[in-house]
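J.: Okay, here's the structure, questions in a sec.
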Amino acid sequence: MSNNLTFDLTGKVAVVTGGGGVLCSGFSKTLAKAGAAVAVCDLRAEAAQKVADEIVAEGGRAIGVEMNVLQKESVEAAKDKIYAEFGKVDILLNGAGGNNPKGSTTRDNLTPEEVAELDANGTIEGVKTFFDLDPEGISFVFNLNFLGTLIPTQVFARDMARCGGNIINVSSMNAFRPLTRIPAYSGAKAAVSNFTQWLAVHFAPVGIRVNAIAPGFFLTEQNRTLLTNPDGSLTARADKIITHTPMKRFGTPDDLDGTLLWLADDRFSAFVDGVVIPVDGGFAAYSGV
C-alpha cells in the first residue's frame with residue numbers, strides 16, 4: 001500500500017443515481033473532487049445537469065444523465081450514454097430513493113381512543129391510520145428504494161463482473177430502527193441493507209465489493225418543513241430525533257464524505273465487504289435511557 005494517505009479516485013468513473021438530490025448531489029461532488037469522472041443520474045434531467053455543471057465549473061469531469069431507476073430500458077439507455085462519454089464504470093452509488101405520504105400514517109401509534117373513533121369503514125376523518133395505508137403507495141415507496149437499487153445494479157454490474165467494481169448503496173437509520181409513521185420507507189430501507197449483504201456474498205468471487213452507508217438524520221430541503229417550524233424552531237418530531245441523537249444535532253452532507261471516500265477508494269477498504277455503516281451522530285447506539 002502506498003504511503004499516500006490521501007483519497008484518490010483519479011482514473012475511476014462513478015455513476016450516482018438520485019444525483020440531483022441534496023445528499024447525492026453532495027456525493028457526486030465529493031467523488032469528483034477526489035478525481036473521479038462522475039455521471040450524475042436523476043429522473044429530473046435538469047437537476048442532474050445542474051449538478052454536473054457545478055462539478056465542471058470547479059474543474060471536475062461530469063455529465064448529467066436522465067435515468068428512471070424503475071425502468072430497465074431507461075437505465076440501459078443511460079449506461080450507453082455514460083459508456084460513450086467515459087468508456088467504463090468502476091463505482092456505482094445507488095442513491096435514488098425516498099418516501100411518499102401514501103405510505104405514511106398521521107400518528108405514531110394506534111390508541112384505544114382512536115379505535116373508539118373508527119367508523120364503520122375503519123377510518124377517522126382527517127387522520128390516516130394504519131388501516132388507511134394505500135397498497136399502491138406502499139408499493140411505490142418499496143419499489144423506488146429496493147427495485148431502484150436492484151435494477152441499476154443489474155445493468156452496471158454485468159461489466160463489473162468481468163473486471164471488478166465497487167457498489168455503494170444508500171440505506172438509512174430506518175433500516176436499523178423503524179421510525180413511527182413511515183412503515184413503507186423503513187421496510188424498504190431494511191430490504192436495501194439486507195440486499196447489500198446478499199450482493200456482497202454473491203459478487204465477491206468476481207471482485208465486486210458491495211457496501212452501504214446508512215445516514216442518520218439530515219436536515220434537507222425535502223424534510224425541512226417536517227422538522228422545523230416557520231420560526232426555525234424544531235417540531236415535536238425533530239425534537240424527538242435530537243433527544244435520541246447523542247451528538248445533539250442533525251447531520252450535514254459533508255459528514256458523509258469520509259465514509260463515502262473510504263468505501264470508494266479500494267486502497268483503503270479493499271477487505272471491506274457487505275457492511276452497512278451508520279453515519280448518525282450515535283443514534284443507533286442510544287437506547288433512550
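Ordering of the C-alpha cells sets the chain letters (A, B, ...), residue numbers begin anew at 1 in every chain, and ligands are numbered from 1 in the order given.
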Name the residues in contact with Leu5 in chain A at a cut-off of 12 Å, using only C-alpha atoms, excluding same-chain residues fewer than 5 positions from it; report them as a PyMOL selection string.

T.: chain A and resi 261-262+265+267-268

J.: Please return, as a PyMOL selection string, all residues of range 57-241 of chain A that DSSP assigns to strand (DSSP E or B) on the basis of the backbone.

T.: chain A and resi 61-66+91-94+124+127+165-170+208-215+218+228+234

J.: Using only C-alpha atoms for the distances, tell me which of A:Thr259, A:Ser28, A:Asn99, A:Asn68 is nearest to Pro152 in chain A.

T.: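 Ranking A:Thr259, A:Ser28, A:Asn99, A:Asn68 by distance to Pro152 in chain A, first place goes to A:Asn68.
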
J.: Find, counting only C-alpha atoms, the residue in A:Thr153, A:Thr196, A:Ser25, A:Thr17 that gets nearest to Asp254 in chain A.

T.: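 Among the listed residues, the smallest separation from Asp254 in chain A belongs to A:Ser25.
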
J.: Using only C-alpha atoms, which residue out of A:Gly87, A:Pro230, A:Gly20, A:Gly207 lies closest to Gly165 in chain A?

T.: A:Gly207

J.: Between A:Ala34, A:Leu226, A:Ile63, A:Val22, which residue has the minimum interatomic distance to Gly95 in chain A, considering only C-alpha atoms?

T.: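 Smallest separation from Gly95 in chain A among the options: A:Val22.
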
J.: Measuring between only C-alpha atoms, which one of A:Pro112, A:Val38, A:Asp239, A:Arg107 shows the shortest distance to Ile82 in chain A?

T.: A:Val38

J.: Could you check how far CA of Ile91 in chain A sits from CA of Gly281 in chain A, in Å to one decimal?

T.: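 Going from CA of Ile91 in chain A over to CA of Gly281 in chain A covers 26.5 Å.
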
J.: Residues within 8 Å of Ala96 in chain A, please, as a VMD selection string. Count only C-alpha atoms; anything in the same chain fewer than 4 positions from it doesn't count.

T.: chain A and resid 17 to 19 42 69 144 to 145 148 to 149

J.: Filtering to all heavy atoms, could you give me those residues as an mmCIF file, in the first residue's frame?

T.:
data_model
loop_
_atom_site.group_PDB
_atom_site.id
_atom_site.type_symbol
_atom_site.label_atom_id
_atom_site.label_comp_id
_atom_site.auth_asym_id
_atom_site.auth_seq_id
_atom_site.Cartn_x
_atom_site.Cartn_y
_atom_site.Cartn_z
ATOM 1 N N THR A 17 -26.857 7.485 -8.808
ATOM 2 C CA THR A 17 -28.282 7.622 -9.079
ATOM 3 C C THR A 17 -28.912 8.514 -8.005
ATOM 4 O O THR A 17 -28.421 8.585 -6.882
ATOM 5 C CB THR A 17 -28.996 6.257 -9.101
ATOM 6 O OG1 THR A 17 -29.091 5.717 -7.773
ATOM 7 C CG2 THR A 17 -28.257 5.270 -9.996
ATOM 8 N N GLY A 18 -29.981 9.200 -8.377
ATOM 9 C CA GLY A 18 -30.545 10.189 -7.460
ATOM 10 C C GLY A 18 -29.637 11.369 -7.282
ATOM 11 O O GLY A 18 -29.717 12.106 -6.281
ATOM 12 N N GLY A 19 -28.755 11.597 -8.268
ATOM 13 C CA GLY A 19 -27.687 12.585 -8.127
ATOM 14 C C GLY A 19 -28.148 14.024 -8.075
ATOM 15 O O GLY A 19 -27.355 14.904 -7.744
ATOM 16 N N ASP A 42 -30.360 11.223 -12.681
ATOM 17 C CA ASP A 42 -31.560 11.575 -11.938
ATOM 18 C C ASP A 42 -32.755 11.495 -12.880
ATOM 19 O O ASP A 42 -32.617 11.662 -14.099
ATOM 20 C CB ASP A 42 -31.433 13.003 -11.371
ATOM 21 C CG ASP A 42 -32.395 13.249 -10.208
ATOM 22 O OD1 ASP A 42 -33.575 13.521 -10.453
ATOM 23 O OD2 ASP A 42 -31.944 13.151 -9.051
ATOM 24 N N VAL A 69 -34.803 4.908 -12.489
ATOM 25 C CA VAL A 69 -34.243 3.679 -11.933
ATOM 26 C C VAL A 69 -35.257 2.546 -11.851
ATOM 27 O O VAL A 69 -34.893 1.398 -11.578
ATOM 28 C CB VAL A 69 -33.624 3.921 -10.535
ATOM 29 C CG1 VAL A 69 -32.422 4.837 -10.626
ATOM 30 C CG2 VAL A 69 -34.671 4.458 -9.555
ATOM 31 N N LEU A 144 -39.314 2.101 -5.320
ATOM 32 C CA LEU A 144 -38.367 3.182 -5.555
ATOM 33 C C LEU A 144 -37.048 2.916 -4.841
ATOM 34 O O LEU A 144 -35.962 3.141 -5.401
ATOM 35 C CB LEU A 144 -38.959 4.511 -5.083
ATOM 36 C CG LEU A 144 -38.058 5.739 -5.205
ATOM 37 C CD1 LEU A 144 -37.645 5.982 -6.650
ATOM 38 C CD2 LEU A 144 -38.767 6.967 -4.642
ATOM 39 N N ASN A 145 -37.124 2.423 -3.625
ATOM 40 C CA ASN A 145 -35.907 2.195 -2.845
ATOM 41 C C ASN A 145 -35.249 0.859 -3.145
ATOM 42 O O ASN A 145 -34.023 0.798 -3.311
ATOM 43 C CB ASN A 145 -36.230 2.308 -1.351
ATOM 44 C CG ASN A 145 -36.573 3.720 -0.939
ATOM 45 O OD1 ASN A 145 -35.704 4.533 -0.674
ATOM 46 N ND2 ASN A 145 -37.865 4.035 -0.900
ATOM 47 N N GLY A 148 -35.195 0.280 -7.177
ATOM 48 C CA GLY A 148 -34.332 1.364 -7.634
ATOM 49 C C GLY A 148 -32.870 1.129 -7.317
ATOM 50 O O GLY A 148 -31.987 1.824 -7.845
ATOM 51 N N THR A 149 -32.597 0.165 -6.454
ATOM 52 C CA THR A 149 -31.230 -0.286 -6.194
ATOM 53 C C THR A 149 -30.907 -1.517 -7.031
ATOM 54 O O THR A 149 -29.817 -1.647 -7.594
ATOM 55 C CB THR A 149 -31.051 -0.600 -4.701
ATOM 56 O OG1 THR A 149 -31.252 0.598 -3.936
ATOM 57 C CG2 THR A 149 -29.668 -1.146 -4.392
#

J.: Give the helix (DSSP H, G or I) residues of range 147-273 of chain A, as assigned by DSSP on the backbone, as an MDAnalysis selection string.

T.: chainID A and resid 147:163 173:175 183:206 224:227 236:243 253:264 266:269

J.: Output the selection as a PDB file, in the first residue's frame - C-alpha atoms for each residue.

T.:
ATOM      1  CA  LEU A 147     -36.009  -2.010  -7.149  1.00  0.00           C
ATOM      2  CA  GLY A 148     -34.332   1.364  -7.634  1.00  0.00           C
ATOM      3  CA  THR A 149     -31.230  -0.286  -6.194  1.00  0.00           C
ATOM      4  CA  LEU A 150     -31.644  -3.690  -7.838  1.00  0.00           C
ATOM      5  CA  ILE A 151     -32.202  -2.558 -11.439  1.00  0.00           C
ATOM      6  CA  PRO A 152     -29.156  -0.253 -11.788  1.00  0.00           C
ATOM      7  CA  THR A 153     -27.059  -2.950 -10.132  1.00  0.00           C
ATOM      8  CA  GLN A 154     -28.236  -5.487 -12.712  1.00  0.00           C
ATOM      9  CA  VAL A 155     -27.338  -3.147 -15.548  1.00  0.00           C
ATOM     10  CA  PHE A 156     -23.942  -1.876 -14.405  1.00  0.00           C
ATOM     11  CA  ALA A 157     -22.647  -4.960 -12.600  1.00  0.00           C
ATOM     12  CA  ARG A 158     -22.701  -7.017 -15.806  1.00  0.00           C
ATOM     13  CA  ASP A 159     -19.485  -5.375 -16.955  1.00  0.00           C
ATOM     14  CA  MET A 160     -18.099  -5.070 -13.427  1.00  0.00           C
ATOM     15  CA  ALA A 161     -18.327  -8.866 -13.179  1.00  0.00           C
ATOM     16  CA  ARG A 162     -15.613  -9.082 -15.859  1.00  0.00           C
ATOM     17  CA  CYS A 163     -13.138  -6.632 -14.344  1.00  0.00           C
ATOM     18  CA  MET A 173     -31.300   4.589  10.136  1.00  0.00           C
ATOM     19  CA  ASN A 174     -34.834   3.357   9.481  1.00  0.00           C
ATOM     20  CA  ALA A 175     -33.330   0.032   8.471  1.00  0.00           C
ATOM     21  CA  PRO A 183     -43.593   1.775   7.606  1.00  0.00           C
ATOM     22  CA  ALA A 184     -43.089   1.626   3.838  1.00  0.00           C
ATOM     23  CA  TYR A 185     -39.835   3.586   3.858  1.00  0.00           C
ATOM     24  CA  SER A 186     -38.488   1.774   6.908  1.00  0.00           C
ATOM     25  CA  GLY A 187     -39.263  -1.624   5.392  1.00  0.00           C
ATOM     26  CA  ALA A 188     -37.775  -0.644   2.041  1.00  0.00           C
ATOM     27  CA  LYS A 189     -34.503   0.544   3.562  1.00  0.00           C
ATOM     28  CA  ALA A 190     -34.287  -2.622   5.660  1.00  0.00           C
ATOM     29  CA  ALA A 191     -34.572  -4.505   2.370  1.00  0.00           C
ATOM     30  CA  VAL A 192     -31.753  -2.411   0.892  1.00  0.00           C
ATOM     31  CA  SER A 193     -29.496  -3.310   3.833  1.00  0.00           C
ATOM     32  CA  ASN A 194     -30.298  -6.996   3.521  1.00  0.00           C
ATOM     33  CA  PHE A 195     -29.818  -6.848  -0.249  1.00  0.00           C
ATOM     34  CA  THR A 196     -26.432  -5.190   0.235  1.00  0.00           C
ATOM     35  CA  GLN A 197     -25.253  -8.173   2.249  1.00  0.00           C
ATOM     36  CA  TRP A 198     -26.707 -10.613  -0.263  1.00  0.00           C
ATOM     37  CA  LEU A 199     -24.990  -8.871  -3.164  1.00  0.00           C
ATOM     38  CA  ALA A 200     -21.669  -8.779  -1.324  1.00  0.00           C
ATOM     39  CA  VAL A 201     -21.698 -12.543  -0.956  1.00  0.00           C
ATOM     40  CA  HIS A 202     -22.971 -13.122  -4.486  1.00  0.00           C
ATOM     41  CA  PHE A 203     -20.398 -10.897  -6.196  1.00  0.00           C
ATOM     42  CA  ALA A 204     -17.329 -11.490  -4.019  1.00  0.00           C
ATOM     43  CA  PRO A 205     -15.849 -14.191  -6.300  1.00  0.00           C
ATOM     44  CA  VAL A 206     -15.834 -11.801  -9.281  1.00  0.00           C
ATOM     45  CA  ARG A 224     -37.251  20.951   6.414  1.00  0.00           C
ATOM     46  CA  THR A 225     -40.979  21.668   6.792  1.00  0.00           C
ATOM     47  CA  LEU A 226     -41.413  18.421   8.736  1.00  0.00           C
ATOM     48  CA  LEU A 227     -38.567  19.109  11.131  1.00  0.00           C
ATOM     49  CA  ALA A 236     -42.085  17.863  18.089  1.00  0.00           C
ATOM     50  CA  ARG A 237     -40.844  15.089  15.799  1.00  0.00           C
ATOM     51  CA  ALA A 238     -37.494  16.803  15.249  1.00  0.00           C
ATOM     52  CA  ASP A 239     -37.140  17.324  18.980  1.00  0.00           C
ATOM     53  CA  LYS A 240     -37.538  13.571  19.481  1.00  0.00           C
ATOM     54  CA  ILE A 241     -34.802  12.954  16.927  1.00  0.00           C
ATOM     55  CA  ILE A 242     -32.327  15.331  18.546  1.00  0.00           C
ATOM     56  CA  THR A 243     -33.164  13.969  22.007  1.00  0.00           C
ATOM     57  CA  PRO A 253     -23.934  16.383   3.790  1.00  0.00           C
ATOM     58  CA  ASP A 254     -20.184  16.704   4.336  1.00  0.00           C
ATOM     59  CA  ASP A 255     -20.489  14.459   7.404  1.00  0.00           C
ATOM     60  CA  LEU A 256     -20.844  11.608   4.892  1.00  0.00           C
ATOM     61  CA  ASP A 257     -17.749  12.422   2.856  1.00  0.00           C
ATOM     62  CA  GLY A 258     -15.185  10.429   4.826  1.00  0.00           C
ATOM     63  CA  THR A 259     -17.233   7.236   4.851  1.00  0.00           C
ATOM     64  CA  LEU A 260     -18.057   7.598   1.163  1.00  0.00           C
ATOM     65  CA  LEU A 261     -14.450   8.118   0.106  1.00  0.00           C
ATOM     66  CA  TRP A 262     -13.188   5.329   2.352  1.00  0.00           C
ATOM     67  CA  LEU A 263     -15.603   2.873   0.734  1.00  0.00           C
ATOM     68  CA  ALA A 264     -14.969   4.214  -2.772  1.00  0.00           C
ATOM     69  CA  ASP A 266     -10.065   0.448  -2.963  1.00  0.00           C
ATOM     70  CA  ARG A 267      -6.706   1.197  -1.379  1.00  0.00           C
ATOM     71  CA  PHE A 268      -8.362   1.848   1.968  1.00  0.00           C
ATOM     72  CA  SER A 269     -11.316  -0.566   2.004  1.00  0.00           C
TER      73      SER A 269
END

J.: As an exercise, work out the distance from CA of Ala62 in chain A to CA of Pro215 in chain A in Å and give it to one decimal place.

T.: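 So the two atoms, CA of Ala62 in chain A and CA of Pro215 in chain A, lie 24.6 Å apart.
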
J.: Choose the residue, out of A:Phe283, A:Phe130, A:Phe217, A:Phe271, that has the smallest atom-to-atom separation from Met247 in chain A; count only C-alpha atoms.

T.: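 Closest to Met247 in chain A, using only C-alpha atoms: A:Phe283.
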
J.: So how far away is CA of Thr220 in chain A from CA of Phe250 in chain A, in Å?

T.: 9.7 Å
